[in-house]
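*Asks:* I have a structure here, written as structure tokens, and I will follow up with some questions on it.
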Protein chains: 2
Amino acid sequence: MSEQTIPYKIYLSEQEIPTAWYNVRADMKTKPAPLLNPGTCQPLTAEEMSGIFCEELVKQELDNDTAFIPIPQEIQDFYKMYRPAPLVRAYCLEKALDTPAKIYYKFEGNNTSGSHKLNSAIAQAYYAKKQGLKGVTTETGAGQWGTALSMACAYLGLDCKVYMVKVSYEQKPFRREVMRTYGASVVPSPSMETNVGRKILAEHPGTTGSLGCAISEAVEVAVSNPGYRYVLGSVLNQVLLHQSVIGLEAKAALDKYGVKPDIIIGCAGGGSNLGGLISPFMGEKLRGEADYRFIAVEPASCPSFTRGKFAYDFCDTGMICPLAKMYTLGSSFIPSPNHAGGLRFHGMSTVLSQLYHDGYMEAVAVEQTSVFKAAEQFARVEGILPAPESSHAIRVAIDEALKCKETGEEKTILFGLTGTGYFDLVAYQQYNDGTMTDYIPTDEDLAAGFAALPQVPGQE
Amino acid sequence: MSEQTIPYKIYLSEQEIPTAWYNVRADMKTKPAPLLNPGTCQPLTAEEMSGIFCEELVKQELDNDTAFIPIPQEIQDFYKMYRPAPLVRAYCLEKALDTPAKIYYKFEGNNTSGSHKLNSAIAQAYYAKKQGLKGVTTETGAGQWGTALSMACAYLGLDCKVYMVKVSYEQKPFRREVMRTYGASVVPSPSMETNVGRKILAEHPGTTGSLGCAISEAVEVAVSNPGYRYVLGSVLNQVLLHQSVIGLEAKAALDKYGVKPDIIIGCAGGGSNLGGLISPFMGEKLRGEADYRFIAVEPASCPSFTRGKFAYDFCDTGMICPLAKMYTLGSSFIPSPNHAGGLRFHGMSTVLSQLYHDGYMEAVAVEQTSVFKAAEQFARVEGILPAPESSHAIRVAIDEALKCKETGEEKTILFGLTGTGYFDLVAYQQYNDGTMTDYIPTDEDLAAGFAALPQVPGQE
């Protein structure tokens, strides 16, 4: 099909929104390692997990075999409120870069959570409601996940309690008000409300918090209050499963025009966006049906893939959560206050970690100021003010497009534009004022985190 | 066509984006009164206007006869970046209200300006660029217009100077950073940078400003700097013309499903959104081809239609702009700080004023707290946090739907959801905290404004 026929935005019809999630684990030869009980170092059973998570979500978490899991009708209906998300051909960016590369992005920011997080929030809230629970607890970094969960809970009439990483809480006061408008209660983390919060504050007075801390607090509150469960916006297998709608829609849109991407790029914090975007493409690669380059982009300030260890570790700073085998900087690693709050997690999805370990995926770390430079350039020609997290993917997409300009190659690049930066204006202000700095942990910083990794029999 | 076939969101294809604007003046039997030179009280000539406005825009301003004006290809291409905007069937809101009414809204908030303002910003910036100008000046209230113009200017490489109503500047510090990211300079108004700003500050120390003040400042700077012209985000005929894309798209989307609205509702500040939304429907009514109820919704704090006078008045507080015949509270009226900054204008589009005067349209004024109650209700079920301005339309759409519930009538309601409230969280916080109050001017407040109306020979 000739290039002229490709519109600026490819929208699927409502009927084309996926009706089943794709579970990439089904096609992985080496499955992701199971979560372990931190006390026994034995694989966590469904029974053990169901104290923390909803029952249906436990099933999804443990299911490494079912390739397609149907999306319940109620969730499909909610998806229709803000999906399908557009796949955009970045004609204006291509022109500005003067590159022969063809650039596409899947834009997930056109909803009030401002990101892709709503895809999993509604699923997790739905299963909690179906199980008859009163409410859910969670953590949030940049605030998108907390907002998404607040929206889903408001829609379903569930109670919602959000522990927000303190640095984000302070940098983004208005996020709190959005969540409150949706009826959620929001607490800066670490807080004095929980045992683990008090312990962290005693050990690290003045800490600006981390996703790891906030997770510990939210889990403690969930397990100690009847009728509540904990839900998580990234990292978990179930979340990547729900986020596969991103990749399924993107692939369906590209298929309509016979377009096959050469490079697929996503930012990686816990891995939900990247995992969701690449899932169906990775499935093809795992089954030997097609080949793609996948690039995970992480902040140089929190470089789990590029400088972390592939080892069993706690998912939280308080060391009360299960152990996951993943690329990690150590659960005691508290990243410096990079503005991309959603990428400040010490670990990484076990699925993506295994795929990276097995050589199916590349990773690159980029510095904050270069990320905002890409964000500004993108905003001015594509008309969308991107989230700092998403801008990590923009940075590398632009870099790859500029390489094509050097070589003359007409590569097709697809990246995930996970969200908008409307609540990140403190960061943009620093960039505009020229006062933004870069943060790169020293080897000594990392060594301290690695030294605190838990001892798991049979592991290095 | 059966109701089941109507999706949640109706998207036109890129090919269906309008290629011509519709000029409702062509179908008006009584044309809007011409702008007058405030010195001579004679109709403003094209030559006089071209000192303030771009030449092509002057033509559009004065053209009361051409029904369809082609949209230049460059503007069409820019429209493709963020249009077509979806027409949404508010299934979830209908269910929450338990109403037999069918509710649709045209959502214009899915771009970084957060509103419909971009539709005219790109048109005005394009003609400025085409004329070889260096840059443009403007005012902004809520900030959407200033952001939109900044985006358009960044795209075209034009200089952009924005005078922002001081109360909005203070309530929305982050708007400034968005505009700066797009390369604009932003000044709180009234400022000490202009003669008119200094005069207003001397007479009203501590004023929080108004759109009228900011217009005066922006016009002064444009006319005293070679290579600059002034552009305005509302009120003018040209702006309503550009905004007709809203109504044209909405009508095309409804026509696809054979749906004819009974009631069409929009918020009204200067009239750009309302005028754009209703244009093609009003055309049918003016030509006797169809009938619709049109409802303009304004804040009780700034009730131009419902409590104003239909008279010639200055468009600006500094009394340096042309005189327009419109519903006005008097150019000296400075509205109390209602949070809907975009609705704080003392006057109203001359087109809409004439249509209202001739009985083609109704108007209603609503109070701030009831508006935010509607906004909260809408956000929780429809998943979009609305702008306070847009929420005025939501308030009345809900009220009309509830009337249908009483009577059992299955009316079809269409309203304009002009934008998102991501920069209005100070207002939402006040609403969440229960500290929001209502502001209604007394008759004495209004009398003072009316007393200062200019004397125009032949007018009451």
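Chain identifiers are assigned as A, B, and so on, following the order in which chains appear in the structure tokens; residues are numbered from 1 within each chain, and ligands are numbered from 1 in order of appearance.
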Within 12 Å of Ala401 in chain A, counting only C-alpha atoms, which residues show up once you throw out same-chain ones fewer than 4 positions away? Write them as a PyMOL selection string, please.
*Replies:* chain A and resi 90+93-104+262-263+265+394-397+405-415
*Asks:* Given the selection you just returned, output its residues as a file containing C-alpha atoms, formatted as a compact mmCIF listing (two decimals), in the first residue's frame.
*Replies:*
```txt
# COMPACT_ATOMS: atom_id res chain seq x y z
CA ALA A 90 4.90 11.23 13.41
CA LEU A 93 8.75 14.86 13.74
CA GLU A 94 10.14 13.01 10.72
CA LYS A 95 10.15 16.29 8.80
CA ALA A 96 11.80 18.20 11.65
CA LEU A 97 14.52 15.53 11.91
CA ASP A 98 14.88 15.30 8.12
CA THR A 99 15.16 11.55 8.49
CA PRO A 100 14.25 8.79 6.03
CA ALA A 101 13.01 6.77 9.04
CA LYS A 102 9.29 6.27 9.46
CA ILE A 103 8.22 6.96 13.03
CA TYR A 104 5.03 5.76 14.69
CA ASP A 262 12.03 -2.68 12.53
CA ILE A 263 12.60 -1.21 16.00
CA ILE A 265 11.06 1.26 21.79
CA ILE A 394 11.17 9.70 22.50
CA ARG A 395 14.87 10.33 23.17
CA VAL A 396 15.91 6.95 21.80
CA ALA A 397 13.40 7.04 18.93
CA LYS A 405 19.65 9.96 8.55
CA GLU A 406 23.38 9.15 8.68
CA THR A 407 23.03 5.80 6.95
CA GLY A 408 20.12 6.60 4.68
CA GLU A 409 18.17 3.60 5.96
CA GLU A 410 14.37 3.86 5.85
CA LYS A 411 13.74 2.00 9.07
CA THR A 412 10.31 1.91 10.65
CA ILE A 413 10.39 2.87 14.32
CA LEU A 414 7.51 2.31 16.74
CA PHE A 415 7.59 3.74 20.23
```
*Asks:* Sorted by chain and rising residue number, list the residues of range 13-131 of chain A at most 6 Å from range 220-240 of chain A (counting only C-alpha atoms), each with its closest atom pair and distance in Å to one decimal, as a tab-separated table.
*Replies:*
```
residue	atom	partner	partner_atom	distance
A:Ile52	CA	A:Arg229	CA	5.5
A:Phe53	CA	A:Arg229	CA	5.5
A:Gln60	CA	A:Gln238	CA	5.5
A:Glu61	CA	A:Gln238	CA	4.9
A:Ser120	CA	A:Val239	CA	5.8
```
*Asks:* Output the selection as an mmCIF file, in the first residue's frame - N, CA, C and O atoms for each residue.
*Replies:*
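Dumped everything to result-v5.cif:
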```
data_model
loop_
_atom_site.group_PDB
_atom_site.id
_atom_site.type_symbol
_atom_site.label_atom_id
_atom_site.label_comp_id
_atom_site.auth_asym_id
_atom_site.auth_seq_id
_atom_site.Cartn_x
_atom_site.Cartn_y
_atom_site.Cartn_z
ATOM 1 N N ILE A 52 -2.716 -11.299 49.614
ATOM 2 C CA ILE A 52 -2.305 -9.961 49.137
ATOM 3 C C ILE A 52 -3.127 -9.538 47.928
ATOM 4 O O ILE A 52 -3.600 -8.412 47.845
ATOM 5 N N PHE A 53 -3.288 -10.479 46.974
ATOM 6 C CA PHE A 53 -3.939 -10.147 45.702
ATOM 7 C C PHE A 53 -5.317 -10.799 45.583
ATOM 8 O O PHE A 53 -5.599 -11.814 46.226
ATOM 9 N N GLN A 60 -4.108 -15.284 37.129
ATOM 10 C CA GLN A 60 -3.432 -14.676 35.969
ATOM 11 C C GLN A 60 -1.929 -14.554 36.223
ATOM 12 O O GLN A 60 -1.112 -14.720 35.312
ATOM 13 N N GLU A 61 -1.579 -14.263 37.468
ATOM 14 C CA GLU A 61 -0.167 -14.106 37.817
ATOM 15 C C GLU A 61 0.606 -15.407 37.593
ATOM 16 O O GLU A 61 1.760 -15.392 37.161
ATOM 17 N N SER A 120 -4.749 -1.478 33.167
ATOM 18 C CA SER A 120 -4.674 -2.502 34.207
ATOM 19 C C SER A 120 -5.486 -2.113 35.437
ATOM 20 O O SER A 120 -6.029 -2.976 36.133
#
```
*Asks:* Can you check which residues of chain B have any atom within 8 Å of chain A? Use only C-alpha atoms and format it as number ranges by chain.
*Replies:* B: 7-9, 14, 80-82, 110-112, 151, 154-155, 174, 177-178, 180-182, 376, 379-385, 422-423, 425-426, 428-429, 432
*Asks:* Create the file for the chosen residues now, containing C-alpha atoms and written as an mmCIF file, in the first residue's frame.
*Replies:*
```
data_model
loop_
_atom_site.group_PDB
_atom_site.id
_atom_site.type_symbol
_atom_site.label_atom_id
_atom_site.label_comp_id
_atom_site.auth_asym_id
_atom_site.auth_seq_id
_atom_site.Cartn_x
_atom_site.Cartn_y
_atom_site.Cartn_z
ATOM 1 C CA PRO B 7 -20.369 3.396 19.500
ATOM 2 C CA TYR B 8 -19.137 5.173 22.619
ATOM 3 C CA LYS B 9 -16.995 7.398 20.455
ATOM 4 C CA GLU B 14 -9.085 11.967 8.338
ATOM 5 C CA LYS B 80 -4.744 16.262 11.322
ATOM 6 C CA MET B 81 -2.342 16.327 14.276
ATOM 7 C CA TYR B 82 -5.225 16.455 16.755
ATOM 8 C CA ASN B 110 -7.455 15.901 23.438
ATOM 9 C CA ASN B 111 -4.596 18.224 22.611
ATOM 10 C CA THR B 112 -2.015 19.948 24.781
ATOM 11 C CA MET B 151 1.706 25.750 20.120
ATOM 12 C CA ALA B 154 6.116 27.113 17.813
ATOM 13 C CA TYR B 155 4.972 24.984 14.885
ATOM 14 C CA PHE B 174 1.975 25.577 35.321
ATOM 15 C CA GLU B 177 5.506 26.673 31.882
ATOM 16 C CA VAL B 178 3.628 24.944 29.086
ATOM 17 C CA ARG B 180 7.332 28.696 27.855
ATOM 18 C CA THR B 181 8.057 25.134 26.704
ATOM 19 C CA TYR B 182 6.467 26.174 23.433
ATOM 20 C CA GLU B 376 -17.270 15.784 39.626
ATOM 21 C CA ALA B 379 -15.550 12.926 35.768
ATOM 22 C CA ARG B 380 -16.385 9.900 37.885
ATOM 23 C CA VAL B 381 -18.475 8.161 35.247
ATOM 24 C CA GLU B 382 -17.143 9.480 31.950
ATOM 25 C CA GLY B 383 -13.459 9.348 32.898
ATOM 26 C CA ILE B 384 -12.579 12.892 31.822
ATOM 27 C CA LEU B 385 -11.766 15.667 34.304
ATOM 28 C CA TYR B 422 -5.729 19.536 34.382
ATOM 29 C CA PHE B 423 -4.637 23.115 35.116
ATOM 30 C CA LEU B 425 -6.753 21.883 40.291
ATOM 31 C CA VAL B 426 -6.633 24.875 42.647
ATOM 32 C CA TYR B 428 -10.999 21.518 42.268
ATOM 33 C CA GLN B 429 -9.073 21.577 45.559
ATOM 34 C CA ASN B 432 -12.946 19.119 47.369
#
```
*Asks:* DSSP on the backbone, then: every residue of range 246-376 of chain B marked strand (DSSP E or B), written as a ChimeraX atom specification.
*Replies:* /B:263-267,293-299,309-314,323-328,362-366
*Asks:* Go through range 56-90 of chain B and collect every residue that DSSP, computed from the backbone, puts in alpha helix (DSSP H); the answer should be as a VMD selection string.
*Replies:* chain B and resid 56 to 62 73 to 82
*Asks:* Keeping N, CA, C and O atoms, export the residues of the selection given above as a short mmCIF file (atom, residue, chain, number, x, y, z; two decimals), in the first residue's frame.
*Replies:*
```
data_model
loop_
_atom_site.label_atom_id
_atom_site.label_comp_id
_atom_site.auth_asym_id
_atom_site.auth_seq_id
_atom_site.Cartn_x
_atom_site.Cartn_y
_atom_site.Cartn_z
N GLU B 56 -5.71 38.88 5.85
CA GLU B 56 -6.65 37.83 5.47
C GLU B 56 -7.74 37.69 6.55
O GLU B 56 -8.90 37.41 6.24
N LEU B 57 -7.34 37.89 7.80
CA LEU B 57 -8.31 37.77 8.89
C LEU B 57 -9.28 38.94 8.89
O LEU B 57 -10.44 38.80 9.26
N VAL B 58 -8.83 40.09 8.45
CA VAL B 58 -9.73 41.24 8.30
C VAL B 58 -10.81 40.91 7.28
O VAL B 58 -12.00 41.16 7.50
N LYS B 59 -10.39 40.31 6.17
CA LYS B 59 -11.37 39.90 5.14
C LYS B 59 -12.42 38.97 5.74
O LYS B 59 -13.61 39.11 5.51
N GLN B 60 -11.93 37.98 6.49
CA GLN B 60 -12.87 37.02 7.10
C GLN B 60 -13.78 37.71 8.11
O GLN B 60 -14.96 37.39 8.23
N GLU B 61 -13.22 38.69 8.82
CA GLU B 61 -13.99 39.40 9.83
C GLU B 61 -15.16 40.15 9.20
O GLU B 61 -16.24 40.23 9.77
N LEU B 62 -14.92 40.69 8.02
CA LEU B 62 -15.91 41.56 7.38
C LEU B 62 -16.84 40.82 6.43
O LEU B 62 -17.82 41.38 5.96
N GLN B 73 -4.49 24.32 2.93
CA GLN B 73 -3.95 22.97 3.12
C GLN B 73 -3.05 22.88 4.36
O GLN B 73 -3.10 21.89 5.11
N GLU B 74 -2.23 23.89 4.60
CA GLU B 74 -1.31 23.86 5.75
C GLU B 74 -2.09 23.76 7.06
O GLU B 74 -1.65 23.10 8.00
N ILE B 75 -3.21 24.46 7.12
CA ILE B 75 -4.04 24.39 8.34
C ILE B 75 -4.71 23.03 8.43
O ILE B 75 -4.78 22.42 9.50
N GLN B 76 -5.17 22.53 7.29
CA GLN B 76 -5.75 21.17 7.28
C GLN B 76 -4.75 20.15 7.81
O GLN B 76 -5.11 19.25 8.57
N ASP B 77 -3.48 20.30 7.38
CA ASP B 77 -2.46 19.35 7.84
C ASP B 77 -2.27 19.44 9.35
O ASP B 77 -2.13 18.43 10.03
N PHE B 78 -2.26 20.67 9.88
CA PHE B 78 -2.11 20.84 11.33
C PHE B 78 -3.33 20.22 12.05
O PHE B 78 -3.18 19.56 13.07
N TYR B 79 -4.51 20.45 11.50
CA TYR B 79 -5.72 19.86 12.09
C TYR B 79 -5.57 18.33 12.25
O TYR B 79 -6.06 17.74 13.20
N LYS B 80 -4.87 17.73 11.28
CA LYS B 80 -4.74 16.26 11.32
C LYS B 80 -3.92 15.79 12.51
O LYS B 80 -3.98 14.62 12.89
N MET B 81 -3.13 16.69 13.09
CA MET B 81 -2.34 16.33 14.28
C MET B 81 -3.24 15.99 15.46
O MET B 81 -2.89 15.18 16.31
N TYR B 82 -4.40 16.65 15.55
CA TYR B 82 -5.22 16.45 16.76
C TYR B 82 -6.71 16.30 16.44
O TYR B 82 -7.52 16.13 17.35
#
```
*Asks:* Show me, as a PDB file with N, CA and C atoms, in the first residue's frame, the residues that have an atom within 10 Å of Thr442 in chain B when counting only C-alpha atoms, minus same-chain residues fewer than 4 positions from it.
*Replies:*
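After the write, out-v5.pdb holds the following:
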```
ATOM      1  N   SER B 301     -21.583  34.707  37.819  1.00  0.00           N
ATOM      2  CA  SER B 301     -20.687  35.803  38.207  1.00  0.00           C
ATOM      3  C   SER B 301     -20.390  36.771  37.058  1.00  0.00           C
ATOM      4  N   LEU B 446     -23.810  45.885  38.536  1.00  0.00           N
ATOM      5  CA  LEU B 446     -24.098  45.941  37.105  1.00  0.00           C
ATOM      6  C   LEU B 446     -24.400  47.372  36.654  1.00  0.00           C
ATOM      7  N   ALA B 447     -25.123  48.114  37.480  1.00  0.00           N
ATOM      8  CA  ALA B 447     -25.492  49.493  37.107  1.00  0.00           C
ATOM      9  C   ALA B 447     -24.245  50.326  36.838  1.00  0.00           C
TER      10      ALA B 447
END
```
*Asks:* Check the smallest atom-to-atom distance from each of B:Thr30, B:Ser272, B:Asn195, B:Thr140 to Asn119 in chain B using only C-alpha atoms, then report the winner.
*Replies:*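 For Asn119 in chain B, the nearest of the given residues is B:Ser272.
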*Asks:* Do you know which residues are at most 10 Å from Ala300 in chain A counting only C-alpha atoms, after dropping those on the same chain fewer than 6 positions away, and could you put them as a PyMOL selection string?
*Replies:* chain A and resi 306-307+338+364-368+438-441
*Asks:* Take the residues just selected and output them with C-alpha atoms as a compact mmCIF listing (two decimals), in the first residue's frame.
*Replies:*
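The resulting file, out_10.txt, is shown below:
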```
# COMPACT_ATOMS: atom_id res chain seq x y z
CA THR A 306 22.00 -1.72 32.12
CA ARG A 307 23.80 -1.79 35.48
CA ASN A 338 14.86 12.05 38.85
CA VAL A 364 19.85 1.71 27.02
CA ALA A 365 20.08 4.30 29.83
CA VAL A 366 19.66 8.01 29.09
CA GLU A 367 20.21 11.18 31.08
CA GLN A 368 17.47 13.49 32.26
CA ASP A 438 21.58 14.80 35.73
CA TYR A 439 21.94 12.11 38.37
CA ILE A 440 24.07 9.04 37.81
CA PRO A 441 24.72 6.64 40.68
```
*Asks:* Would you mind listing what lies within 7 Å of range 34-51 of chain A as a PyMOL selection string, with only C-alpha atoms counted and same-chain residues fewer than 4 positions away left out?
*Replies:* chain A and resi 55+58+223+322-324+456
*Asks:* For CA of Gly197 in chain B and CA of Gly270 in chain B, determine how far apart the two atoms are, in Å to one decimal place.
*Replies:*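 Going from CA of Gly197 in chain B over to CA of Gly270 in chain B, I get 21.5 Å.
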*Asks:* So that I can check the surroundings of His392 in chain B, please list as a list of chain:residue names every protein, DNA and RNA residue that reaches within 7 Å of it, counting only C-alpha atoms and ignoring chain neighbours fewer than 2 positions away.
*Replies:* B:Cys267, B:Val297, B:Glu298, B:Val371, B:Pro388, B:Glu389, B:Ser390, B:Ile394, B:Arg395, B:Val396
*Asks:* Restricting the output to N, CA, C and O atoms, write the selected residues as a CSV table (one decimal), in the first residue's frame.
*Replies:*
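What ended up in again_11.csv:
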```csv
chain,number,residue,atom,x,y,z
B,267,CYS,N,-21.0,26.3,26.7
B,267,CYS,CA,-20.7,27.4,27.6
B,267,CYS,C,-20.3,28.6,26.8
B,267,CYS,O,-19.9,28.5,25.6
B,297,VAL,N,-24.7,28.8,28.1
B,297,VAL,CA,-24.5,28.7,29.6
B,297,VAL,C,-23.4,29.6,30.0
B,297,VAL,O,-22.3,29.5,29.5
B,298,GLU,N,-23.7,30.5,30.9
B,298,GLU,CA,-22.7,31.5,31.4
B,298,GLU,C,-22.6,31.4,32.9
B,298,GLU,O,-23.6,31.0,33.6
B,371,VAL,N,-21.7,24.0,39.3
B,371,VAL,CA,-21.0,23.6,38.1
B,371,VAL,C,-19.9,22.5,38.5
B,371,VAL,O,-19.8,21.5,37.8
B,388,PRO,N,-13.4,23.9,34.1
B,388,PRO,CA,-14.5,24.5,34.7
B,388,PRO,C,-15.4,25.2,33.7
B,388,PRO,O,-16.7,25.2,33.8
B,389,GLU,N,-14.9,25.8,32.6
B,389,GLU,CA,-15.7,26.4,31.6
B,389,GLU,C,-16.6,25.4,31.0
B,389,GLU,O,-17.9,25.6,30.9
B,390,SER,N,-16.1,24.2,30.5
B,390,SER,CA,-16.9,23.2,29.9
B,390,SER,C,-17.9,22.7,30.9
B,390,SER,O,-19.0,22.2,30.5
B,394,ILE,N,-21.9,21.1,31.0
B,394,ILE,CA,-22.3,19.8,31.7
B,394,ILE,C,-23.4,20.0,32.6
B,394,ILE,O,-24.4,19.2,32.7
B,395,ARG,N,-23.3,21.0,33.4
B,395,ARG,CA,-24.4,21.3,34.4
B,395,ARG,C,-25.7,21.4,33.8
B,395,ARG,O,-26.7,20.7,34.2
B,396,VAL,N,-25.8,22.1,32.7
B,396,VAL,CA,-27.2,22.3,32.1
B,396,VAL,C,-27.6,21.1,31.3
B,396,VAL,O,-28.8,20.7,31.2
```
*Asks:* Which is closer to Ala125 in chain A than all the others in A:Cys160, A:Ala202, A:Ala448, A:Leu453, using only C-alpha atoms?
*Replies:* A:Cys160
*Asks:* Calculate how many Å separate CA of Ile278 in chain A from CA of Pro86 in chain A, rounding to one decimal.
*Replies:* 16.3 Å
*Asks:* Thr207 in chain B: which residues within 9 Å, counting only C-alpha atoms, same-chain residues fewer than 4 positions away excluded, as number ranges by chain?
*Replies:* B: 166-167, 190, 200-201, 334
*Asks:* Could you please take those selected residues and save all heavy atoms as a JSON list (two decimals), in the first residue's frame?
*Replies:*
```
[["chain", "number", "residue", "atom", "x", "y", "z"],
["B", 166, "LYS", "N", -4.25, 38.11, 35.53],
["B", 166, "LYS", "CA", -3.43, 37.85, 36.71],
["B", 166, "LYS", "C", -3.98, 36.74, 37.61],
["B", 166, "LYS", "O", -3.22, 35.90, 38.09],
["B", 166, "LYS", "CB", -3.27, 39.14, 37.53],
["B", 166, "LYS", "CG", -2.18, 39.03, 38.59],
["B", 166, "LYS", "CD", -1.99, 40.33, 39.36],
["B", 166, "LYS", "CE", -1.14, 41.31, 38.61],
["B", 166, "LYS", "NZ", -1.04, 42.63, 39.28],
["B", 167, "VAL", "N", -5.29, 36.71, 37.78],
["B", 167, "VAL", "CA", -5.86, 35.68, 38.67],
["B", 167, "VAL", "C", -5.59, 34.28, 38.12],
["B", 167, "VAL", "O", -5.29, 33.34, 38.88],
["B", 167, "VAL", "CB", -7.36, 35.91, 38.94],
["B", 167, "VAL", "CG1", -8.17, 35.81, 37.65],
["B", 167, "VAL", "CG2", -7.90, 34.94, 39.96],
["B", 190, "PRO", "N", -3.17, 42.99, 34.73],
["B", 190, "PRO", "CA", -2.44, 44.14, 34.19],
["B", 190, "PRO", "C", -0.98, 44.17, 34.62],
["B", 190, "PRO", "O", -0.65, 43.77, 35.73],
["B", 190, "PRO", "CB", -3.21, 45.33, 34.75],
["B", 190, "PRO", "CG", -4.02, 44.83, 35.88],
["B", 190, "PRO", "CD", -4.24, 43.38, 35.66],
["B", 200, "ILE", "N", -4.56, 51.13, 34.44],
["B", 200, "ILE", "CA", -5.53, 50.27, 35.14],
["B", 200, "ILE", "C", -5.04, 50.00, 36.57],
["B", 200, "ILE", "O", -5.81, 50.04, 37.53],
["B", 200, "ILE", "CB", -5.75, 48.95, 34.36],
["B", 200, "ILE", "CG1", -6.51, 49.24, 33.06],
["B", 200, "ILE", "CG2", -6.52, 47.94, 35.21],
["B", 200, "ILE", "CD1", -6.52, 48.08, 32.06],
["B", 201, "LEU", "N", -3.74, 49.73, 36.72],
["B", 201, "LEU", "CA", -3.20, 49.44, 38.05],
["B", 201, "LEU", "C", -3.30, 50.68, 38.96],
["B", 201, "LEU", "O", -3.52, 50.55, 40.17],
["B", 201, "LEU", "CB", -1.74, 48.97, 37.96],
["B", 201, "LEU", "CG", -1.57, 47.52, 37.52],
["B", 201, "LEU", "CD1", -0.11, 47.21, 37.21],
["B", 201, "LEU", "CD2", -2.10, 46.55, 38.58],
["B", 334, "ILE", "N", -15.42, 44.41, 36.10],
["B", 334, "ILE", "CA", -14.36, 43.42, 36.33],
["B", 334, "ILE", "C", -14.96, 42.30, 37.17],
["B", 334, "ILE", "O", -15.30, 42.50, 38.34],
["B", 334, "ILE", "CB", -13.13, 44.04, 37.02],
["B", 334, "ILE", "CG1", -12.48, 45.05, 36.05],
["B", 334, "ILE", "CG2", -12.12, 42.95, 37.41],
["B", 334, "ILE", "CD1", -11.13, 45.57, 36.47]]
```
